[in-house]
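What follows is the content of my_file-v2.cif (mmCIF, C-alpha atoms).
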```
data_my_file
#
loop_
_atom_site.group_PDB
_atom_site.id
_atom_site.type_symbol
_atom_site.label_atom_id
_atom_site.label_comp_id
_atom_site.auth_asym_id
_atom_site.auth_seq_id
_atom_site.Cartn_x
_atom_site.Cartn_y
_atom_site.Cartn_z
ATOM 1 C CA MET O 1 6.975 -9.098 -14.566
ATOM 2 C CA ALA O 2 3.645 -8.351 -13.001
ATOM 3 C CA PHE O 3 2.319 -9.438 -9.641
ATOM 4 C CA LYS O 4 -0.328 -12.069 -10.290
ATOM 5 C CA GLU O 5 -3.299 -13.198 -8.255
ATOM 6 C CA GLU O 6 -2.452 -16.892 -8.716
ATOM 7 C CA HIS O 7 1.008 -16.353 -7.162
ATOM 8 C CA CYS O 8 -0.623 -14.552 -4.244
ATOM 9 C CA GLN O 9 -3.100 -17.419 -3.719
ATOM 10 C CA ALA O 10 -0.340 -20.044 -3.767
ATOM 11 C CA TRP O 11 1.804 -18.044 -1.334
ATOM 12 C CA LEU O 12 -1.195 -17.499 0.941
ATOM 13 C CA GLY O 13 -1.759 -21.275 1.026
ATOM 14 C CA GLU O 14 1.739 -21.682 2.485
ATOM 15 C CA HIS O 15 1.669 -18.751 4.914
ATOM 16 C CA ALA O 16 -1.990 -18.687 5.972
ATOM 17 C CA PRO O 17 -3.342 -22.217 5.412
ATOM 18 C CA GLY O 18 -7.117 -22.423 5.239
ATOM 19 C CA GLU O 19 -7.522 -18.738 4.345
ATOM 20 C CA THR O 20 -9.231 -17.774 1.087
ATOM 21 C CA LEU O 21 -8.008 -14.741 -0.846
ATOM 22 C CA VAL O 22 -10.677 -12.047 -1.143
ATOM 23 C CA SER O 23 -8.492 -9.351 -2.718
ATOM 24 C CA TYR O 24 -4.923 -8.068 -2.838
ATOM 25 C CA LEU O 25 -3.079 -4.781 -3.287
ATOM 26 C CA VAL O 26 0.419 -4.296 -4.703
ATOM 27 C CA THR O 27 2.265 -1.567 -2.755
ATOM 28 C CA GLN O 28 5.689 0.004 -2.796
ATOM 29 C CA THR O 29 7.697 2.759 -1.135
ATOM 30 C CA TRP O 30 10.189 3.421 -3.946
ATOM 31 C CA ALA O 31 8.098 6.010 -5.741
ATOM 32 C CA PRO O 32 9.758 9.440 -5.626
ATOM 33 C CA GLN O 33 8.872 11.838 -2.847
ATOM 34 C CA ASN O 34 9.021 14.822 -5.206
ATOM 35 C CA THR O 35 9.297 14.514 -8.965
ATOM 36 C CA HIS O 36 9.789 18.257 -9.506
ATOM 37 C CA ALA O 37 13.253 19.684 -10.077
ATOM 38 C CA PRO O 38 14.633 21.665 -7.094
ATOM 39 C CA GLY O 39 13.605 25.286 -7.293
ATOM 40 C CA MET O 40 10.870 24.635 -9.822
ATOM 41 C CA ASN O 41 7.811 26.706 -8.961
ATOM 42 C CA THR O 42 4.853 24.365 -9.313
ATOM 43 C CA ASN O 43 2.484 26.121 -6.901
ATOM 44 C CA MET O 44 1.888 22.676 -5.408
ATOM 45 C CA ASN O 45 1.918 22.863 -1.614
ATOM 46 C CA PHE O 46 0.387 19.421 -1.154
ATOM 47 C CA SER O 47 2.353 16.619 0.438
ATOM 48 C CA GLY O 48 0.721 13.216 0.765
ATOM 49 C CA VAL O 49 3.685 11.968 2.806
ATOM 50 C CA GLU O 50 3.211 14.730 5.401
ATOM 51 C CA ILE O 51 -0.549 14.202 5.540
ATOM 52 C CA ILE O 52 -0.041 10.484 6.213
ATOM 53 C CA ARG O 53 2.604 11.189 8.894
ATOM 54 C CA ASN O 54 0.255 13.665 10.579
ATOM 55 C CA LYS O 55 -2.556 11.085 10.554
ATOM 56 C CA ALA O 56 -0.246 8.487 12.155
ATOM 57 C CA ALA O 57 0.629 10.991 14.893
ATOM 58 C CA GLU O 58 -3.059 11.868 15.368
ATOM 59 C CA LEU O 59 -3.815 8.147 15.869
ATOM 60 C CA GLY O 60 -0.971 7.839 18.389
ATOM 61 C CA LEU O 61 0.972 5.319 16.305
ATOM 62 C CA GLU O 62 4.586 4.833 17.440
ATOM 63 C CA ASP O 63 7.634 4.413 15.183
ATOM 64 C CA ASP O 64 8.710 1.366 17.206
ATOM 65 C CA ASP O 65 5.517 -0.428 16.145
ATOM 66 C CA LYS O 66 6.060 -0.086 12.377
ATOM 67 C CA VAL O 67 6.036 -3.373 10.491
ATOM 68 C CA GLY O 68 8.112 -4.325 7.479
ATOM 69 C CA GLN O 69 10.750 -1.664 7.960
ATOM 70 C CA PHE O 70 13.395 -1.631 5.199
ATOM 71 C CA GLN O 71 11.026 -3.448 2.817
ATOM 72 C CA ASP O 72 10.189 -1.437 -0.269
ATOM 73 C CA LYS O 73 8.269 -3.884 -2.496
ATOM 74 C CA THR O 74 5.230 -5.174 -0.619
ATOM 75 C CA PHE O 75 1.664 -6.383 -0.972
ATOM 76 C CA LEU O 76 -1.461 -6.892 1.111
ATOM 77 C CA ALA O 77 -3.657 -9.984 0.887
ATOM 78 C CA LEU O 78 -7.156 -9.677 2.331
ATOM 79 C CA THR O 79 -8.937 -12.857 3.364
ATOM 80 C CA ASP O 80 -12.274 -13.316 5.107
ATOM 81 C CA ASP O 81 -10.528 -13.375 8.480
ATOM 82 C CA GLN O 82 -7.086 -11.793 8.067
ATOM 83 C CA ILE O 83 -5.025 -9.116 6.444
ATOM 84 C CA VAL O 84 -1.669 -10.562 5.445
ATOM 85 C CA TYR O 85 1.242 -8.268 4.655
ATOM 86 C CA GLY O 86 4.191 -9.583 2.676
ATOM 87 C CA SER O 87 7.232 -8.560 0.692
ATOM 88 C CA ARG O 88 7.805 -9.145 -3.026
ATOM 89 C CA ASN O 89 10.961 -10.386 -4.709
ATOM 90 C CA TRP O 90 12.735 -8.987 -7.784
ATOM 91 C CA ARG O 91 10.497 -11.146 -10.009
ATOM 92 C CA ASP O 92 7.443 -9.453 -8.469
ATOM 93 C CA ARG O 93 6.317 -12.605 -6.671
ATOM 94 C CA PRO O 94 5.317 -12.921 -3.012
ATOM 95 C CA LYS O 95 8.374 -13.465 -0.805
ATOM 96 C CA ALA O 96 8.352 -13.085 2.996
ATOM 97 C CA LEU O 97 5.529 -12.827 5.505
ATOM 98 C CA LEU O 98 5.876 -9.479 7.291
ATOM 99 C CA HIS O 99 2.713 -9.271 9.408
ATOM 100 C CA THR O 100 -0.777 -10.702 9.902
ATOM 101 C CA ALA O 101 -3.731 -9.220 11.734
ATOM 102 C CA PRO O 102 -7.458 -9.841 12.013
ATOM 103 C CA ALA O 103 -9.193 -8.334 8.978
ATOM 104 C CA SER O 104 -11.729 -6.712 11.290
ATOM 105 C CA ASP O 105 -8.923 -4.724 13.018
ATOM 106 C CA PHE O 106 -7.396 -3.466 9.768
ATOM 107 C CA GLN O 107 -7.991 0.032 8.421
ATOM 108 C CA VAL O 108 -6.338 2.040 5.685
ATOM 109 C CA HIS O 109 -6.247 5.829 5.672
ATOM 110 C CA TRP O 110 -5.375 7.279 2.282
ATOM 111 C CA VAL O 111 -4.818 10.419 0.269
ATOM 112 C CA ASP O 112 -4.172 10.811 -3.453
ATOM 113 C CA GLU O 113 -1.482 13.125 -4.767
ATOM 114 C CA ASP O 114 -0.864 14.377 -8.278
ATOM 115 C CA TYR O 115 2.871 14.809 -8.865
ATOM 116 C CA GLY O 116 2.442 16.334 -12.306
ATOM 117 C CA ALA O 117 3.861 14.911 -15.537
ATOM 118 C CA GLY O 118 1.124 12.266 -15.510
ATOM 119 C CA THR O 119 2.146 10.701 -12.177
ATOM 120 C CA HIS O 120 -0.529 10.126 -9.532
ATOM 121 C CA LEU O 121 0.040 8.194 -6.292
ATOM 122 C CA ARG O 122 -2.155 7.030 -3.442
ATOM 123 C CA HIS O 123 -0.374 7.391 -0.087
ATOM 124 C CA LEU O 124 -1.455 4.814 2.475
ATOM 125 C CA LEU O 125 -1.410 4.528 6.240
ATOM 126 C CA LEU O 126 -1.930 0.846 6.963
ATOM 127 C CA ASP O 127 -3.303 0.424 10.498
ATOM 128 C CA PHE O 128 -3.226 -3.261 11.429
ATOM 129 C CA GLY O 129 -4.718 -2.673 14.891
ATOM 130 C CA GLY O 130 -2.983 -3.139 18.216
ATOM 131 C CA GLY O 131 -0.554 -0.324 17.369
ATOM 132 C CA ALA O 132 1.053 -2.086 14.366
ATOM 133 C CA TRP O 133 1.213 0.090 11.269
ATOM 134 C CA ARG O 134 3.053 0.973 8.071
ATOM 135 C CA THR O 135 3.069 3.697 5.425
ATOM 136 C CA ASP O 136 3.121 2.689 1.779
ATOM 137 C CA ARG O 137 2.095 3.923 -1.631
ATOM 138 C CA VAL O 138 0.436 2.599 -4.724
ATOM 139 C CA GLY O 139 0.687 4.032 -8.204
ATOM 140 C CA LEU O 140 -2.515 5.130 -9.891
ATOM 141 C CA ARG O 141 -0.855 6.647 -12.974
ATOM 142 C CA ALA O 142 2.751 6.818 -14.130
ATOM 143 C CA MET O 143 3.775 8.900 -17.116
ATOM 144 C CA LYS O 144 0.053 9.153 -18.037
ATOM 145 C CA GLN O 145 -0.289 5.338 -18.049
ATOM 146 C CA ASP O 146 -3.010 3.818 -15.839
ATOM 147 C CA THR O 147 -1.296 1.609 -13.260
ATOM 148 C CA ALA O 148 -4.201 1.272 -10.812
ATOM 149 C CA LYS O 149 -5.498 -1.872 -12.515
ATOM 150 C CA LYS O 150 -2.189 -3.756 -12.351
ATOM 151 C CA HIS O 151 -1.947 -2.889 -8.647
ATOM 152 C CA ASN O 152 -5.577 -3.987 -8.091
ATOM 153 C CA VAL O 153 -6.476 -0.703 -6.375
ATOM 154 C CA GLU O 154 -10.231 -0.400 -6.958
ATOM 155 C CA PRO O 155 -11.200 -4.034 -6.211
ATOM 156 C CA PHE O 156 -9.135 -3.997 -3.003
ATOM 157 C CA PHE O 157 -10.645 -0.737 -1.745
ATOM 158 C CA ALA O 158 -14.136 -1.941 -2.669
ATOM 159 C CA GLU O 159 -13.625 -5.087 -0.537
ATOM 160 C CA LEU O 160 -12.410 -2.992 2.408
ATOM 161 C CA GLY O 161 -15.591 -0.952 2.368
ATOM 162 C CA ASP O 162 -15.845 1.220 5.493
ATOM 163 C CA ARG O 163 -12.361 0.147 6.630
ATOM 164 C CA ALA O 164 -10.892 2.513 3.966
ATOM 165 C CA HIS O 165 -10.859 6.157 4.996
ATOM 166 C CA GLN O 166 -9.959 8.986 2.653
ATOM 167 C CA ILE O 167 -8.171 11.763 4.502
ATOM 168 C CA GLN O 168 -9.798 15.106 3.709
#
```

Kindly return the structure encoded in the file as structure tokens.
Amino acid sequence: MAFKEEHCQAWLGEHAPGETLVSYLVTQTWAPQNTHAPGMNTNMNFSGVEIIRNKAAELGLEDDDKVGQFQDKTFLALTDDQIVYGSRNWRDRPKALLHTAPASDFQVHWVDEDYGAGTHLRHLLLDFGGGAWRTDRVGLRAMKQDTAKKHNVEPFFAELGDRAHQIQ
């Protein structure tokens, strides 16, 4: 099953009454850290996970302030006034409210990583403001299949505008 905008809107009506959905992003932490077999020489010294961790440390974000720990299937809903972070159930529908913050305080720092074999992920540092944060990922390609559209990557980042920062 796919995450659908209409399910997100209905869930938002229950958990953030009066808010209007601007965009959403389907995120997840389950994606493999390293898809290469141990000992395989790929000449790839790039690690999106490490880059994101370093950025969190640079921003002074504390582990105790992470939101949604132990949640692996998640989503973000952006409204005019808020960013709403929730979990997804096994049917890929919105489940629990994990965190809300003013949309104006929210920023995402991101870096793309090519894992080879047609797999491409975007690593995310979600900074909700006030010290609250989370790391997540979104698939851009899996096994050479475009997954960015089903995760709503480009529309979400376009709506964020200057609140989305690519890590160089």

Could you give me, as a tab-separated table, every segment 72-139 of chain O residue with an atom at most 10 Å from segment 12-25 of chain O, plus its closest atom pair and distance in Å to one decimal, counting all atoms listed in the file, rows ordered by chain then number?
```
residue	atom	partner	partner_atom	distance
O:Thr74	CA	O:Leu25	CA	8.7
O:Phe75	CA	O:Leu25	CA	5.5
O:Leu76	CA	O:Leu25	CA	5.1
O:Ala77	CA	O:Tyr24	CA	4.4
O:Leu78	CA	O:Ser23	CA	5.2
O:Thr79	CA	O:Leu21	CA	4.7
O:Asp80	CA	O:Val22	CA	6.6
O:Asp81	CA	O:Glu19	CA	7.4
O:Gln82	CA	O:Glu19	CA	7.9
O:Ile83	CA	O:Tyr24	CA	9.3
O:Val84	CA	O:Ala16	CA	8.1
O:Tyr85	CA	O:Leu25	CA	9.7
O:Gly86	CA	O:Leu12	CA	9.7
O:Pro94	CA	O:Leu12	CA	8.9
O:Ala96	CA	O:His15	CA	9.0
O:Leu97	CA	O:His15	CA	7.1
O:Thr100	CA	O:Ala16	CA	9.0
O:Val138	CA	O:Leu25	CA	8.3
```

Selected residue, from O:Gln107, O:Gln71, O:Thr119, O:Gln166, that lies nearest to Thr27 of chain O when counting only C-alpha atoms: O:Gln71

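Across the model, the gap from atom CA of Lys66 of chain O to atom CA of Gly161 of chain O is 23.9 Å.
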
Apply the PyMOL selection byres ((chain O and resi 133) around 10) to the structure shown and report the selected residues as a list of chain:residue names. O:Ala56, O:Leu61, O:Glu62, O:Asp63, O:Asp64, O:Asp65, O:Lys66, O:Val67, O:Gly68, O:His99, O:Phe106, O:Gln107, O:Val108, O:Leu125, O:Leu126, O:Asp127, O:Phe128, O:Gly129, O:Gly130, O:Gly131, O:Ala132, O:Arg134, O:Thr135

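The smallest atom-to-atom distance between Ala103 of chain O and any of O:Leu121, O:Leu160, O:Ala2, O:Cys8, using all atoms listed in the file, is found for O:Leu160.
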
Could you jot down the atom CA of His151 of chain O to atom CA of Phe3 of chain O separation for me, Å, one decimal place? 7.9 Å

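Of note, atom CA of Arg88 of chain O and atom CA of Gly116 of chain O are spaced 27.6 Å apart.
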
Could you check the closest approach to Gln168 of chain O for each of O:Trp11, O:Lys55, O:Lys95, O:Leu140 and tell me which residue wins, using all atoms listed in the file? O:Lys55

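Closest approach to Pro155 of chain O from the set O:Val26, O:Leu59, O:Ala101, O:Ile52 is made by O:Val26, with distances taken over only C-alpha atoms.
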
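Proximity to Lys144 of chain O was assessed for O:Thr29, O:Arg163, O:Ala158, O:Gly118 counting all atoms listed in the file; the smallest distance is recorded for O:Gly118.
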
What box, with edges along x, y and z, holds each listed atom of segment 148-154 of chain O when 8 Å is added on every side, and can you state its centre and edge lengths in Å to one decimal, as lines of an AutoDock Vina configuration file?
```
center_x = -6.1
center_y = -1.4
center_z = -9.4
size_x = 24.3
size_y = 21.3
size_z = 22.1
```

Nearest candidate to Asn152 of chain O (options O:Val49, O:Gln69, O:Gly139, O:Trp110; using all atoms listed in the file): O:Gly139

Could you pull segment 7-22 of chain O out of the structure just shown and give all heavy atoms as a PDB file, in the first residue's frame?
```
ATOM      1  N   HIS O   7      -5.300  10.363   3.142  1.00  0.00           N
ATOM      2  CA  HIS O   7      -5.190   9.796   4.490  1.00  0.00           C
ATOM      3  C   HIS O   7      -4.468  10.781   5.415  1.00  0.00           C
ATOM      4  O   HIS O   7      -4.817  10.915   6.581  1.00  0.00           O
ATOM      5  CB  HIS O   7      -4.450   8.465   4.469  1.00  0.00           C
ATOM      6  CG  HIS O   7      -5.183   7.407   3.718  1.00  0.00           C
ATOM      7  ND1 HIS O   7      -4.540   6.506   2.905  1.00  0.00           N
ATOM      8  CD2 HIS O   7      -6.493   7.096   3.632  1.00  0.00           C
ATOM      9  CE1 HIS O   7      -5.413   5.686   2.364  1.00  0.00           C
ATOM     10  NE2 HIS O   7      -6.614   6.040   2.780  1.00  0.00           N
ATOM     11  N   CYS O   8      -3.472  11.440   4.873  1.00  0.00           N
ATOM     12  CA  CYS O   8      -2.721  12.440   5.644  1.00  0.00           C
ATOM     13  C   CYS O   8      -3.637  13.599   6.033  1.00  0.00           C
ATOM     14  O   CYS O   8      -3.630  14.049   7.181  1.00  0.00           O
ATOM     15  CB  CYS O   8      -1.525  12.921   4.840  1.00  0.00           C
ATOM     16  SG  CYS O   8      -0.406  14.002   5.734  1.00  0.00           S
ATOM     17  N   GLN O   9      -4.444  14.075   5.094  1.00  0.00           N
ATOM     18  CA  GLN O   9      -5.372  15.184   5.382  1.00  0.00           C
ATOM     19  C   GLN O   9      -6.379  14.800   6.457  1.00  0.00           C
ATOM     20  O   GLN O   9      -6.648  15.590   7.366  1.00  0.00           O
ATOM     21  CB  GLN O   9      -6.105  15.608   4.111  1.00  0.00           C
ATOM     22  CG  GLN O   9      -5.232  16.345   3.143  1.00  0.00           C
ATOM     23  CD  GLN O   9      -5.939  16.663   1.829  1.00  0.00           C
ATOM     24  OE1 GLN O   9      -6.801  15.927   1.363  1.00  0.00           O
ATOM     25  NE2 GLN O   9      -5.551  17.780   1.234  1.00  0.00           N
ATOM     26  N   ALA O  10      -6.941  13.600   6.364  1.00  0.00           N
ATOM     27  CA  ALA O  10      -7.919  13.156   7.359  1.00  0.00           C
ATOM     28  C   ALA O  10      -7.284  13.037   8.738  1.00  0.00           C
ATOM     29  O   ALA O  10      -7.856  13.470   9.741  1.00  0.00           O
ATOM     30  CB  ALA O  10      -8.530  11.815   6.936  1.00  0.00           C
ATOM     31  N   TRP O  11      -6.091  12.468   8.793  1.00  0.00           N
ATOM     32  CA  TRP O  11      -5.369  12.319  10.062  1.00  0.00           C
ATOM     33  C   TRP O  11      -5.032  13.694  10.648  1.00  0.00           C
ATOM     34  O   TRP O  11      -5.173  13.913  11.842  1.00  0.00           O
ATOM     35  CB  TRP O  11      -4.096  11.510   9.816  1.00  0.00           C
ATOM     36  CG  TRP O  11      -3.277  11.230  11.031  1.00  0.00           C
ATOM     37  CD1 TRP O  11      -3.385  10.167  11.884  1.00  0.00           C
ATOM     38  CD2 TRP O  11      -2.196  12.024  11.536  1.00  0.00           C
ATOM     39  NE1 TRP O  11      -2.452  10.255  12.872  1.00  0.00           N
ATOM     40  CE2 TRP O  11      -1.703  11.395  12.677  1.00  0.00           C
ATOM     41  CE3 TRP O  11      -1.603  13.216  11.119  1.00  0.00           C
ATOM     42  CZ2 TRP O  11      -0.643  11.902  13.423  1.00  0.00           C
ATOM     43  CZ3 TRP O  11      -0.552  13.720  11.861  1.00  0.00           C
ATOM     44  CH2 TRP O  11      -0.084  13.070  12.991  1.00  0.00           C
ATOM     45  N   LEU O  12      -4.614  14.610   9.799  1.00  0.00           N
ATOM     46  CA  LEU O  12      -4.281  15.960  10.234  1.00  0.00           C
ATOM     47  C   LEU O  12      -5.505  16.643  10.844  1.00  0.00           C
ATOM     48  O   LEU O  12      -5.393  17.354  11.847  1.00  0.00           O
ATOM     49  CB  LEU O  12      -3.744  16.765   9.051  1.00  0.00           C
ATOM     50  CG  LEU O  12      -2.972  18.031   9.343  1.00  0.00           C
ATOM     51  CD1 LEU O  12      -1.753  17.749  10.188  1.00  0.00           C
ATOM     52  CD2 LEU O  12      -2.560  18.690   8.035  1.00  0.00           C
ATOM     53  N   GLY O  13      -6.689  16.411  10.274  1.00  0.00           N
ATOM     54  CA  GLY O  13      -7.917  16.972  10.814  1.00  0.00           C
ATOM     55  C   GLY O  13      -8.183  16.529  12.241  1.00  0.00           C
ATOM     56  O   GLY O  13      -8.736  17.287  13.045  1.00  0.00           O
ATOM     57  N   GLU O  14      -7.764  15.321  12.586  1.00  0.00           N
ATOM     58  CA  GLU O  14      -7.937  14.799  13.946  1.00  0.00           C
ATOM     59  C   GLU O  14      -6.863  15.300  14.894  1.00  0.00           C
ATOM     60  O   GLU O  14      -7.134  15.542  16.067  1.00  0.00           O
ATOM     61  CB  GLU O  14      -7.891  13.273  13.935  1.00  0.00           C
ATOM     62  CG  GLU O  14      -9.033  12.601  13.226  1.00  0.00           C
ATOM     63  CD  GLU O  14      -8.842  11.091  13.169  1.00  0.00           C
ATOM     64  OE1 GLU O  14      -8.163  10.532  14.055  1.00  0.00           O
ATOM     65  OE2 GLU O  14      -9.364  10.481  12.223  1.00  0.00           O
ATOM     66  N   HIS O  15      -5.626  15.416  14.406  1.00  0.00           N
ATOM     67  CA  HIS O  15      -4.493  15.721  15.280  1.00  0.00           C
ATOM     68  C   HIS O  15      -4.061  17.185  15.269  1.00  0.00           C
ATOM     69  O   HIS O  15      -3.335  17.614  16.156  1.00  0.00           O
ATOM     70  CB  HIS O  15      -3.311  14.828  14.915  1.00  0.00           C
ATOM     71  CG  HIS O  15      -3.567  13.393  15.228  1.00  0.00           C
ATOM     72  ND1 HIS O  15      -4.207  12.548  14.352  1.00  0.00           N
ATOM     73  CD2 HIS O  15      -3.299  12.662  16.328  1.00  0.00           C
ATOM     74  CE1 HIS O  15      -4.311  11.358  14.897  1.00  0.00           C
ATOM     75  NE2 HIS O  15      -3.780  11.390  16.102  1.00  0.00           N
ATOM     76  N   ALA O  16      -4.499  17.929  14.283  1.00  0.00           N
ATOM     77  CA  ALA O  16      -4.175  19.362  14.205  1.00  0.00           C
ATOM     78  C   ALA O  16      -5.380  20.072  13.596  1.00  0.00           C
ATOM     79  O   ALA O  16      -5.310  20.589  12.475  1.00  0.00           O
ATOM     80  CB  ALA O  16      -2.914  19.585  13.381  1.00  0.00           C
ATOM     81  N   PRO O  17      -6.505  20.086  14.325  1.00  0.00           N
ATOM     82  CA  PRO O  17      -7.737  20.681  13.786  1.00  0.00           C
ATOM     83  C   PRO O  17      -7.511  22.134  13.341  1.00  0.00           C
ATOM     84  O   PRO O  17      -6.800  22.893  13.989  1.00  0.00           O
ATOM     85  CB  PRO O  17      -8.705  20.633  14.962  1.00  0.00           C
ATOM     86  CG  PRO O  17      -8.135  19.659  15.927  1.00  0.00           C
ATOM     87  CD  PRO O  17      -6.660  19.627  15.698  1.00  0.00           C
ATOM     88  N   GLY O  18      -8.099  22.466  12.223  1.00  0.00           N
ATOM     89  CA  GLY O  18      -7.990  23.827  11.697  1.00  0.00           C
ATOM     90  C   GLY O  18      -6.784  24.044  10.807  1.00  0.00           C
ATOM     91  O   GLY O  18      -6.699  25.062  10.124  1.00  0.00           O
ATOM     92  N   GLU O  19      -5.837  23.108  10.799  1.00  0.00           N
ATOM     93  CA  GLU O  19      -4.647  23.236   9.961  1.00  0.00           C
ATOM     94  C   GLU O  19      -4.948  22.697   8.562  1.00  0.00           C
ATOM     95  O   GLU O  19      -5.681  21.728   8.407  1.00  0.00           O
ATOM     96  CB  GLU O  19      -3.466  22.477  10.560  1.00  0.00           C
ATOM     97  CG  GLU O  19      -2.947  23.075  11.852  1.00  0.00           C
ATOM     98  CD  GLU O  19      -2.262  24.415  11.667  1.00  0.00           C
ATOM     99  OE1 GLU O  19      -1.607  24.637  10.627  1.00  0.00           O
ATOM    100  OE2 GLU O  19      -2.395  25.262  12.560  1.00  0.00           O
ATOM    101  N   THR O  20      -4.363  23.317   7.556  1.00  0.00           N
ATOM    102  CA  THR O  20      -4.532  22.896   6.174  1.00  0.00           C
ATOM    103  C   THR O  20      -3.213  22.321   5.667  1.00  0.00           C
ATOM    104  O   THR O  20      -2.167  22.965   5.780  1.00  0.00           O
ATOM    105  CB  THR O  20      -4.950  24.091   5.293  1.00  0.00           C
ATOM    106  OG1 THR O  20      -6.156  24.635   5.822  1.00  0.00           O
ATOM    107  CG2 THR O  20      -5.159  23.667   3.854  1.00  0.00           C
ATOM    108  N   LEU O  21      -3.273  21.130   5.106  1.00  0.00           N
ATOM    109  CA  LEU O  21      -2.076  20.476   4.582  1.00  0.00           C
ATOM    110  C   LEU O  21      -1.528  21.251   3.388  1.00  0.00           C
ATOM    111  O   LEU O  21      -2.250  21.534   2.436  1.00  0.00           O
ATOM    112  CB  LEU O  21      -2.401  19.040   4.169  1.00  0.00           C
ATOM    113  CG  LEU O  21      -1.243  18.209   3.644  1.00  0.00           C
ATOM    114  CD1 LEU O  21      -0.198  17.986   4.736  1.00  0.00           C
ATOM    115  CD2 LEU O  21      -1.748  16.880   3.104  1.00  0.00           C
ATOM    116  N   VAL O  22      -0.251  21.595   3.456  1.00  0.00           N
ATOM    117  CA  VAL O  22       0.452  22.243   2.354  1.00  0.00           C
ATOM    118  C   VAL O  22       1.222  21.189   1.555  1.00  0.00           C
ATOM    119  O   VAL O  22       1.159  21.147   0.338  1.00  0.00           O
ATOM    120  CB  VAL O  22       1.402  23.342   2.876  1.00  0.00           C
ATOM    121  CG1 VAL O  22       2.266  23.903   1.760  1.00  0.00           C
ATOM    122  CG2 VAL O  22       0.616  24.441   3.569  1.00  0.00           C
TER     123      VAL O  22
END
```
